[in-house]
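*Asks:* Next comes entry.pdb, PDB, C-alpha atoms and all ligand atoms:
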MODEL        1
ATOM      1  CA  LYS A  19     -13.009 -12.980  11.256
ATOM      2  CA  LYS A  20     -13.979  -9.413  10.460
ATOM      3  CA  ARG A  21     -11.718  -6.753  11.851
ATOM      4  CA  ALA A  22     -12.116  -2.991  11.951
ATOM      5  CA  VAL A  23      -9.274  -1.625   9.821
ATOM      6  CA  VAL A  24      -9.050   1.940  11.115
ATOM      7  CA  PRO A  25      -7.852   1.093  14.654
ATOM      8  CA  ILE A  26      -5.266  -1.307  13.194
ATOM      9  CA  LEU A  27      -4.042   1.347  10.744
ATOM     10  CA  SER A  28      -3.900   3.983  13.506
ATOM     11  CA  GLY A  29      -1.780   1.676  15.647
ATOM     12  CA  ILE A  30       0.689   0.984  12.843
ATOM     13  CA  ILE A  31       0.927   4.667  11.928
ATOM     14  CA  GLU A  32       1.580   5.462  15.588
ATOM     15  CA  SER A  33       4.469   2.982  15.628
ATOM     16  CA  PHE A  34       5.936   4.610  12.493
ATOM     17  CA  LYS A  35       5.784   8.161  13.855
ATOM     18  CA  LYS A  36       9.312   8.008  15.219
ATOM     19  CA  TYR A  37      10.761   7.133  11.789
ATOM     20  CA  ALA A  38       8.587   9.637   9.988
ATOM     21  CA  ARG A  39       9.596  12.382  12.398
ATOM     22  CA  GLU A  40      13.262  11.725  11.689
ATOM     23  CA  LYS A  41      12.524  12.635   8.063
ATOM     24  CA  GLU A  42      10.108  15.413   9.034
ATOM     25  CA  GLN A  43       7.277  13.509   7.379
ATOM     26  CA  THR A  44       3.692  13.355   8.602
ATOM     27  CA  ILE A  45       1.503  10.310   7.988
ATOM     28  CA  TYR A  46      -2.168  11.230   7.561
ATOM     29  CA  LEU A  47      -5.030   8.766   7.888
ATOM     30  CA  THR A  48      -8.452   9.506   6.384
ATOM     31  CA  PHE A  49     -11.562   7.316   6.474
ATOM     32  CA  PRO A  50     -15.329   7.707   6.042
ATOM     33  CA  SER A  51     -16.095   5.578   9.114
ATOM     34  CA  ASP A  52     -14.059   3.838  11.797
ATOM     35  CA  LYS A  53     -16.451   0.878  11.615
ATOM     36  CA  ILE A  54     -15.190  -0.348   8.236
ATOM     37  CA  SER A  55     -14.304  -4.012   8.651
ATOM     38  CA  ILE A  56     -12.720  -6.664   6.482
ATOM     39  CA  ASP A  57     -12.277 -10.387   6.831
ATOM     40  CA  ILE A  58      -8.525 -10.695   7.116
ATOM     41  CA  ASP A  59      -5.763 -12.242   9.162
ATOM     42  CA  GLN A  60      -4.580  -9.386  11.369
ATOM     43  CA  VAL A  61      -0.897 -10.347  11.324
ATOM     44  CA  MET A  62      -0.827 -10.536   7.519
ATOM     45  CA  PHE A  63      -2.780  -7.301   7.211
ATOM     46  CA  GLU A  64      -0.282  -5.571   9.496
ATOM     47  CA  LYS A  65       2.645  -6.919   7.439
ATOM     48  CA  ILE A  66       1.050  -5.577   4.243
ATOM     49  CA  ILE A  67       0.595  -2.099   5.688
ATOM     50  CA  ILE A  68       4.021  -2.069   7.377
ATOM     51  CA  ASN A  69       5.708  -2.923   4.061
ATOM     52  CA  LEU A  70       3.856  -0.221   2.146
ATOM     53  CA  LEU A  71       4.425   2.421   4.829
ATOM     54  CA  SER A  72       8.110   1.639   5.235
ATOM     55  CA  ASN A  73       8.540   1.929   1.460
ATOM     56  CA  ALA A  74       6.658   5.225   1.394
ATOM     57  CA  ILE A  75       8.979   6.659   4.049
ATOM     58  CA  LYS A  76      12.136   5.088   2.601
ATOM     59  CA  TYR A  77      11.533   6.193  -0.994
ATOM     60  CA  SER A  78      10.465   9.764  -0.227
ATOM     61  CA  PRO A  79      12.699  12.766   0.396
ATOM     62  CA  PRO A  80      12.464  14.528   3.769
ATOM     63  CA  GLN A  81       9.336  16.608   4.426
ATOM     64  CA  LYS A  82       7.218  14.722   1.895
ATOM     65  CA  ASP A  83       4.080  13.668   3.753
ATOM     66  CA  ILE A  84       2.300  10.333   3.369
ATOM     67  CA  GLN A  85      -1.423   9.720   3.064
ATOM     68  CA  VAL A  86      -3.214   6.551   4.078
ATOM     69  CA  LYS A  87      -6.805   6.576   2.833
ATOM     70  CA  VAL A  88      -9.618   4.150   3.531
ATOM     71  CA  LYS A  89     -12.575   4.176   1.162
ATOM     72  CA  GLU A  90     -15.649   2.059   0.667
ATOM     73  CA  TYR A  91     -17.195   1.323  -2.729
ATOM     74  CA  GLY A  92     -20.192  -0.924  -2.195
ATOM     75  CA  GLN A  93     -18.767  -4.303  -1.213
ATOM     76  CA  THR A  94     -15.159  -3.261  -1.747
ATOM     77  CA  VAL A  95     -12.852  -1.625   0.766
ATOM     78  CA  ILE A  96      -9.948   0.265  -0.748
ATOM     79  CA  ILE A  97      -6.897   1.219   1.283
ATOM     80  CA  SER A  98      -4.297   3.386  -0.410
ATOM     81  CA  VAL A  99      -0.836   4.429   0.706
ATOM     82  CA  GLU A 100       0.232   7.514  -1.181
ATOM     83  CA  ASP A 101       3.633   9.180  -1.157
ATOM     84  CA  ALA A 102       5.196  12.171  -2.872
ATOM     85  CA  GLY A 103       8.497  10.382  -3.254
ATOM     86  CA  ILE A 104      10.925   9.405  -5.986
ATOM     87  CA  GLY A 105       8.383   7.421  -8.015
ATOM     88  CA  ILE A 106       8.864   4.319 -10.151
ATOM     89  CA  SER A 107       9.499   4.265 -13.902
ATOM     90  CA  GLY A 108       7.240   2.480 -16.367
ATOM     91  CA  SER A 109       9.938  -0.091 -17.101
ATOM     92  CA  ASP A 110      10.358  -1.002 -13.422
ATOM     93  CA  ILE A 111       6.752  -0.929 -12.334
ATOM     94  CA  ASP A 112       5.879  -4.410 -13.602
ATOM     95  CA  LYS A 113       8.834  -5.925 -11.751
ATOM     96  CA  ILE A 114       8.648  -4.378  -8.286
ATOM     97  CA  PHE A 115       6.303  -7.130  -7.029
ATOM     98  CA  ASP A 116       8.845  -9.797  -8.031
ATOM     99  CA  ARG A 117      10.923 -11.355  -5.281
ATOM    100  CA  TYR A 118      14.280  -9.632  -4.704
ATOM    101  CA  TYR A 119      13.660  -6.973  -7.356
ATOM    102  CA  GLN A 120      14.973  -3.520  -6.444
ATOM    103  CA  VAL A 121      15.050  -0.556  -8.793
ATOM    104  CA  ASP A 122      18.510   0.409  -7.604
ATOM    105  CA  ALA A 123      20.002  -2.521  -5.725
ATOM    106  CA  ASN A 124      23.266  -0.610  -5.279
ATOM    107  CA  SER A 125      21.679   2.329  -3.523
ATOM    108  CA  ALA A 126      22.364   2.914   0.156
ATOM    109  CA  VAL A 127      18.658   2.659   1.000
ATOM    110  CA  GLY A 128      18.928  -1.011   1.912
ATOM    111  CA  GLY A 129      16.364  -3.778   2.110
ATOM    112  CA  THR A 130      16.066  -7.145   0.432
ATOM    113  CA  GLY A 131      13.492  -6.529  -2.283
ATOM    114  CA  LEU A 132      11.035  -8.895  -0.637
ATOM    115  CA  GLY A 133       8.520  -6.464   0.866
ATOM    116  CA  LEU A 134       6.220  -6.018  -2.124
ATOM    117  CA  SER A 135       6.303  -9.695  -3.123
ATOM    118  CA  ILE A 136       4.963 -10.456   0.371
ATOM    119  CA  VAL A 137       2.299  -7.758  -0.003
ATOM    120  CA  LYS A 138       1.147  -9.296  -3.281
ATOM    121  CA  GLU A 139       1.156 -12.840  -1.928
ATOM    122  CA  PHE A 140      -0.817 -11.919   1.209
ATOM    123  CA  MET A 141      -3.359  -9.917  -0.809
ATOM    124  CA  GLU A 142      -3.935 -12.855  -3.157
ATOM    125  CA  MET A 143      -4.373 -15.176  -0.179
ATOM    126  CA  HIS A 144      -7.240 -12.924   0.907
ATOM    127  CA  GLY A 145      -8.854 -12.767  -2.518
ATOM    128  CA  GLY A 146      -7.822  -9.142  -2.808
ATOM    129  CA  LYS A 147      -5.440  -7.312  -5.039
ATOM    130  CA  VAL A 148      -2.735  -4.695  -4.968
ATOM    131  CA  GLU A 149      -2.032  -2.181  -7.692
ATOM    132  CA  VAL A 150       0.356   0.710  -8.107
ATOM    133  CA  LYS A 151       0.309   3.946  -9.992
ATOM    134  CA  SER A 152       3.420   6.066 -10.044
ATOM    135  CA  GLN A 153       5.201   8.928 -11.710
ATOM    136  CA  ILE A 154       8.942   9.493 -11.533
ATOM    137  CA  GLY A 155       9.722  12.467  -9.299
ATOM    138  CA  LYS A 156       6.067  12.885  -8.295
ATOM    139  CA  GLY A 157       5.224   9.920  -6.138
ATOM    140  CA  SER A 158       3.445   6.600  -5.911
ATOM    141  CA  VAL A 159       0.041   5.310  -4.910
ATOM    142  CA  PHE A 160      -0.268   1.701  -3.765
ATOM    143  CA  THR A 161      -3.881   0.549  -3.703
ATOM    144  CA  LEU A 162      -5.247  -2.465  -1.854
ATOM    145  CA  ALA A 163      -8.728  -3.765  -2.732
ATOM    146  CA  PHE A 164     -10.560  -6.120  -0.361
ATOM    147  CA  ASN A 165     -13.897  -7.800  -0.928
ATOM    148  CA  VAL A 166     -16.218  -7.342   2.005
ATOM    149  CA  ALA A 167     -18.835  -9.854   0.876
ATOM    150  CA  GLN A 168     -18.303 -13.486   1.893
ATOM    151  CA  GLU A 169     -20.335 -14.997  -0.945
ATOM    152  CA  ASN A 170     -20.294 -14.472  -4.650
ATOM    153  CA  GLY A 171     -16.527 -14.016  -4.624
ATOM    154  CA  LYS A 172     -16.133 -13.862  -8.389
ATOM    155  CA  ARG A 173     -18.631 -11.097  -8.894
ATOM    156  CA  GLU A 174     -17.106  -9.129  -6.039
ATOM    157  CA  LYS A 175     -13.670  -9.481  -7.614
ATOM    158  CA  ASP A 176     -15.055  -7.693 -10.665
ATOM    159  CA  VAL A 177     -16.284  -4.946  -8.379
ATOM    160  CA  ALA A 178     -12.775  -4.684  -6.933
ATOM    161  CA  SER A 179     -11.282  -4.311 -10.419
ATOM    162  CA  GLN A 180     -13.840  -1.652 -11.292
ATOM    163  CA  ALA A 181     -13.089   0.285  -8.122
ATOM    164  CA  ILE A 182      -9.365   0.159  -8.851
ATOM    165  CA  ASN A 183      -9.904   1.216 -12.454
ATOM    166  CA  SER A 184     -11.942   4.186 -11.345
ATOM    167  CA  LEU A 185      -9.035   5.239  -9.130
ATOM    168  CA  LYS A 186      -6.613   5.051 -12.037
ATOM    169  CA  SER A 187      -8.053   8.232 -13.475
ATOM    170  CA  ILE A 188      -7.135  10.102 -10.299
ATOM    171  CA  ASP A 189      -3.624  11.527 -10.144
ATOM    172  CA  PRO A 190      -1.414  10.874  -7.101
TER     173      PRO A 190
HETATM  174  P1  LIG B   1      12.463  -4.719   1.665
HETATM  175  O1  LIG B   1      11.041  -4.289   1.569
HETATM  176  O2  LIG B   1      12.615  -6.191   1.562
HETATM  177  O3  LIG B   1      13.163  -4.132   2.856
HETATM  178  P2  LIG B   1      12.740  -3.143  -0.708
HETATM  179  O4  LIG B   1      11.984  -2.018  -0.077
HETATM  180  O5  LIG B   1      13.888  -2.783  -1.587
HETATM  181  O6  LIG B   1      13.277  -4.142   0.414
HETATM  182  P3  LIG B   1      10.236  -3.918  -1.942
HETATM  183  O7  LIG B   1       9.475  -3.330  -0.807
HETATM  184  O8  LIG B   1       9.782  -5.241  -2.471
HETATM  185  O9  LIG B   1      11.773  -4.080  -1.564
HETATM  186  O10 LIG B   1      10.250  -2.885  -3.142
HETATM  187  C1  LIG B   1      10.888  -3.237  -4.370
HETATM  188  C2  LIG B   1      11.482  -2.014  -5.022
HETATM  189  O11 LIG B   1      10.421  -1.179  -5.496
HETATM  190  C3  LIG B   1      12.280  -1.119  -4.082
HETATM  191  O12 LIG B   1      13.622  -1.536  -4.003
HETATM  192  C4  LIG B   1      12.149   0.247  -4.737
HETATM  193  O13 LIG B   1      13.088   0.390  -5.771
HETATM  194  C5  LIG B   1      10.754   0.186  -5.362
HETATM  195  N1  LIG B   1       9.721   0.833  -4.533
HETATM  196  C6  LIG B   1       8.891   0.223  -3.646
HETATM  197  N2  LIG B   1       8.056   1.099  -3.064
HETATM  198  C7  LIG B   1       8.354   2.313  -3.599
HETATM  199  C8  LIG B   1       7.833   3.638  -3.405
HETATM  200  N3  LIG B   1       6.850   3.895  -2.541
HETATM  201  N4  LIG B   1       8.404   4.639  -4.131
HETATM  202  C9  LIG B   1       9.398   4.375  -5.008
HETATM  203  N5  LIG B   1       9.931   3.166  -5.235
HETATM  204  C10 LIG B   1       9.413   2.138  -4.533
HETATM  205 MG    MG B   2      10.200  -2.508   1.036
ENDMDL
END
For the structure just supplied, provide its representation as structure tokens.
Ligand code: ATP
Ligand code: MG

*Replies:*
Amino acid sequence: KKRAVVPILSGIIESFKKYAREKEQTIYLTFPSDKISIDIDQVMFEKIIINLLSNAIKYSPPQKDIQVKVKEYGQTVIISVEDAGIGISGSDIDKIFDRYYQVDANSAVGGTGLGLSIVKEFMEMHGGKVEVKSQIGKGSVFTLAFNVAQENGKREKDVASQAINSLKSIDP
């Protein structure tokens, strides 16, 4: 079933405001239209966004704001969660989607290291994909690509890859 993503995102952001305020962070949401819809299980979609947002807050110093952006490229909807936090090194970035992997498991930040493995699994179940671009000390951008079209899945997957690749040239 197709669901409008902007109202769902707004609701989740609203529920995170309390935590963001404690760190003096603001979460911004931008979108070209509030009608943008994707065919996704709402509970899984919410879990994906909750994991990315909680990471963005957790791995950013106080006062570093967070951006959630919705974009549409033809048949692909891109949702990005961008932070200006601690960033992830090149040697860790390939492992963060693995179950139980944490860059610094001894840190006081907490968690189980499962969040991103769930994000990846749920995205794959929806024929979408998740990618990350990050720079140590500058921040991270997690990008979700969803195919809007029901048919011609393979071709639309290529479109999703192209859209993600075009984003790679943009700095966080
Ligand atoms: P959990 O999500 O289960 O509570 P977690 O946040 O440690 O625990 P993941 O969400 O899977 O686990 O993230 C894996 C690791 O990737 C984190 O421990 C952290 O080191 C790194 N990481 C994830 N998101 C970010 C981010 N936005 N900025 C910097 N590092 C991140
Ligand atoms: Mg997490």

*Asks:* Fewer than 3 positions away in the same chain doesn't count, so skip those; otherwise give me all residues within 12 Å of A:Gly105, counting only C-alpha atoms, as a list in words.

*Replies:*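 In the requested format, the answer is Asn73, Ala74, Lys76, Tyr77, Ser78, Pro79, Glu100, Asp101, Ala102, Gly108, Ser109, Asp110, Ile111, Ile114, Val121, Val150, Lys151, Ser152, Gln153, Ile154, Gly155, Lys156, Gly157, Ser158, Val159, Phe160 and Pro190 of chain A.
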
*Asks:* Dump the neighbourhood of ligand MG 2 (chain B) as a PyMOL selection string: all residues within 12 Å, distances computed on only C-alpha atoms and all ligand atoms.

*Replies:* chain A and resi 65-77+114-121+123+127-137

*Asks:* Please identify all polymer residues lying at most 7 Å from the point (-8.7, -2.5, -3.1) (file coordinates), using all atoms listed in the file, and present the result as a list in words.

*Replies:*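 Every polymer residue passing the test: Thr94, Val95, Ile96, Ile97, Gly146, Lys147, Val148, Thr161, Leu162, Ala163, Phe164, Ala178 and Ile182 of chain A.
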
*Asks:* If you count only C-alpha atoms, which residues fall within 10 Å of A:Pro25, apart from same-chain ones fewer than 6 positions away, as a list in words?

*Replies:*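 Once the adjacent positions are removed, what remains is Ile31, Asp52, Lys53 and Ile54 of chain A.
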
*Asks:* Can you tell me which residues surround A:Lys19 at a distance of at most 10 Å, considering only C-alpha atoms, apart from same-chain residues fewer than 3 positions away, and format the answer as an NGL selection string?

*Replies:* :A and (55-60)

*Asks:* Could you dump the residues just selected with C-alpha atoms as a tab-separated table (two decimals), keeping the file's coordinate frame?

*Replies:*
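Below is the file again.tsv, written as the result:
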chain	number	residue	atom	x	y	z
A	55	SER	CA	-14.30	-4.01	8.65
A	56	ILE	CA	-12.72	-6.66	6.48
A	57	ASP	CA	-12.28	-10.39	6.83
A	58	ILE	CA	-8.52	-10.70	7.12
A	59	ASP	CA	-5.76	-12.24	9.16
A	60	GLN	CA	-4.58	-9.39	11.37

*Asks:* Quick one: apply the PyMOL selection byres (((chain A and resi 41) around 10) and not hetatm) to the file and drop the selected residues here as a PDB file with C-alpha atoms, in the frame of the given file.

*Replies:*
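Output below, filename selection05.pdb:
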ATOM      1  CA  LYS A  35       5.784   8.161  13.855  1.00  0.00           C
ATOM      2  CA  LYS A  36       9.312   8.008  15.219  1.00  0.00           C
ATOM      3  CA  TYR A  37      10.761   7.133  11.789  1.00  0.00           C
ATOM      4  CA  ALA A  38       8.587   9.637   9.988  1.00  0.00           C
ATOM      5  CA  ARG A  39       9.596  12.382  12.398  1.00  0.00           C
ATOM      6  CA  GLU A  40      13.262  11.725  11.689  1.00  0.00           C
ATOM      7  CA  GLU A  42      10.108  15.413   9.034  1.00  0.00           C
ATOM      8  CA  GLN A  43       7.277  13.509   7.379  1.00  0.00           C
ATOM      9  CA  THR A  44       3.692  13.355   8.602  1.00  0.00           C
ATOM     10  CA  ILE A  75       8.979   6.659   4.049  1.00  0.00           C
ATOM     11  CA  LYS A  76      12.136   5.088   2.601  1.00  0.00           C
ATOM     12  CA  SER A  78      10.465   9.764  -0.227  1.00  0.00           C
ATOM     13  CA  PRO A  79      12.699  12.766   0.396  1.00  0.00           C
ATOM     14  CA  PRO A  80      12.464  14.528   3.769  1.00  0.00           C
ATOM     15  CA  GLN A  81       9.336  16.608   4.426  1.00  0.00           C
ATOM     16  CA  LYS A  82       7.218  14.722   1.895  1.00  0.00           C
ATOM     17  CA  ASP A  83       4.080  13.668   3.753  1.00  0.00           C
TER      18      ASP A  83
END

*Asks:* To one decimal place in Å, what is the distance between atom N3 of ligand LIG 1 (chain B) and atom CA of A:Gly103?

*Replies:*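 Atom CA of A:Gly103 lies 6.7 Å from atom N3 of ligand LIG 1 (chain B).
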
*Asks:* Would you mind reading off the distance between atom CA of A:Asn183 and atom CA of A:Lys89, one decimal, in Å?

*Replies:*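 Atom-to-atom, atom CA of A:Asn183 to atom CA of A:Lys89, that is 14.2 Å.
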
*Asks:* How about completing stretch 112-143 of chain A with N, CA and C atoms and giving it to me as a CSV table (one decimal), keeping the file's coordinate frame?

*Replies:*
chain,number,residue,atom,x,y,z
A,112,ASP,N,6.4,-3.0,-13.5
A,112,ASP,CA,5.9,-4.4,-13.6
A,112,ASP,C,6.7,-5.4,-12.8
A,113,LYS,N,7.9,-5.0,-12.4
A,113,LYS,CA,8.8,-5.9,-11.8
A,113,LYS,C,8.9,-5.8,-10.2
A,114,ILE,N,8.4,-4.7,-9.7
A,114,ILE,CA,8.6,-4.4,-8.3
A,114,ILE,C,8.0,-5.4,-7.4
A,115,PHE,N,7.0,-6.1,-7.9
A,115,PHE,CA,6.3,-7.1,-7.0
A,115,PHE,C,7.0,-8.5,-7.1
A,116,ASP,N,8.1,-8.6,-7.9
A,116,ASP,CA,8.8,-9.8,-8.0
A,116,ASP,C,9.8,-9.9,-6.8
A,117,ARG,N,10.0,-11.1,-6.4
A,117,ARG,CA,10.9,-11.4,-5.3
A,117,ARG,C,12.3,-10.8,-5.6
A,118,TYR,N,12.9,-10.1,-4.7
A,118,TYR,CA,14.3,-9.6,-4.7
A,118,TYR,C,14.5,-8.5,-5.7
A,119,TYR,N,13.4,-8.1,-6.4
A,119,TYR,CA,13.7,-7.0,-7.4
A,119,TYR,C,13.8,-5.6,-6.6
A,120,GLN,N,14.8,-4.9,-7.0
A,120,GLN,CA,15.0,-3.5,-6.4
A,120,GLN,C,15.4,-2.6,-7.6
A,121,VAL,N,14.8,-1.4,-7.7
A,121,VAL,CA,15.0,-0.6,-8.8
A,121,VAL,C,16.5,-0.2,-8.8
A,122,ASP,N,17.1,0.1,-7.7
A,122,ASP,CA,18.5,0.4,-7.6
A,122,ASP,C,19.1,-0.4,-6.5
A,123,ALA,N,19.5,-1.6,-6.8
A,123,ALA,CA,20.0,-2.5,-5.7
A,123,ALA,C,21.3,-2.0,-5.1
A,124,ASN,N,22.0,-1.1,-5.8
A,124,ASN,CA,23.3,-0.6,-5.3
A,124,ASN,C,23.1,0.6,-4.4
A,125,SER,N,21.9,1.1,-4.3
A,125,SER,CA,21.7,2.3,-3.5
A,125,SER,C,21.9,2.0,-2.0
A,126,ALA,N,22.1,3.1,-1.3
A,126,ALA,CA,22.4,2.9,0.2
A,126,ALA,C,21.1,2.7,1.0
A,127,VAL,N,19.9,2.7,0.3
A,127,VAL,CA,18.7,2.7,1.0
A,127,VAL,C,18.5,1.3,1.8
A,128,GLY,N,19.0,0.3,1.2
A,128,GLY,CA,18.9,-1.0,1.9
A,128,GLY,C,17.7,-1.8,1.6
A,129,GLY,N,17.5,-2.9,2.3
A,129,GLY,CA,16.4,-3.8,2.1
A,129,GLY,C,16.8,-5.0,1.3
A,130,THR,N,15.8,-5.9,1.1
A,130,THR,CA,16.1,-7.1,0.4
A,130,THR,C,15.3,-7.3,-0.9
A,131,GLY,N,14.3,-6.4,-1.1
A,131,GLY,CA,13.5,-6.5,-2.3
A,131,GLY,C,12.4,-7.5,-2.1
A,132,LEU,N,12.1,-7.9,-0.9
A,132,LEU,CA,11.0,-8.9,-0.6
A,132,LEU,C,9.7,-8.3,-0.2
A,133,GLY,N,9.7,-7.1,0.3
A,133,GLY,CA,8.5,-6.5,0.9
A,133,GLY,C,7.3,-6.5,0.0
A,134,LEU,N,7.4,-6.1,-1.3
A,134,LEU,CA,6.2,-6.0,-2.1
A,134,LEU,C,5.8,-7.4,-2.6
A,135,SER,N,6.7,-8.3,-2.7
A,135,SER,CA,6.3,-9.7,-3.1
A,135,SER,C,5.5,-10.3,-2.0
A,136,ILE,N,5.8,-10.0,-0.8
A,136,ILE,CA,5.0,-10.5,0.4
A,136,ILE,C,3.6,-9.8,0.4
A,137,VAL,N,3.6,-8.5,0.1
A,137,VAL,CA,2.3,-7.8,0.0
A,137,VAL,C,1.4,-8.4,-1.0
A,138,LYS,N,1.9,-8.7,-2.2
A,138,LYS,CA,1.1,-9.3,-3.3
A,138,LYS,C,0.6,-10.7,-2.9
A,139,GLU,N,1.5,-11.5,-2.3
A,139,GLU,CA,1.2,-12.8,-1.9
A,139,GLU,C,0.0,-12.8,-0.9
A,140,PHE,N,0.2,-12.0,0.1
A,140,PHE,CA,-0.8,-11.9,1.2
A,140,PHE,C,-2.2,-11.4,0.7
A,141,MET,N,-2.1,-10.4,-0.2
A,141,MET,CA,-3.4,-9.9,-0.8
A,141,MET,C,-4.1,-11.0,-1.6
A,142,GLU,N,-3.3,-11.8,-2.4
A,142,GLU,CA,-3.9,-12.9,-3.2
A,142,GLU,C,-4.5,-13.9,-2.3
A,143,MET,N,-3.9,-14.2,-1.1
A,143,MET,CA,-4.4,-15.2,-0.2
A,143,MET,C,-5.7,-14.7,0.4
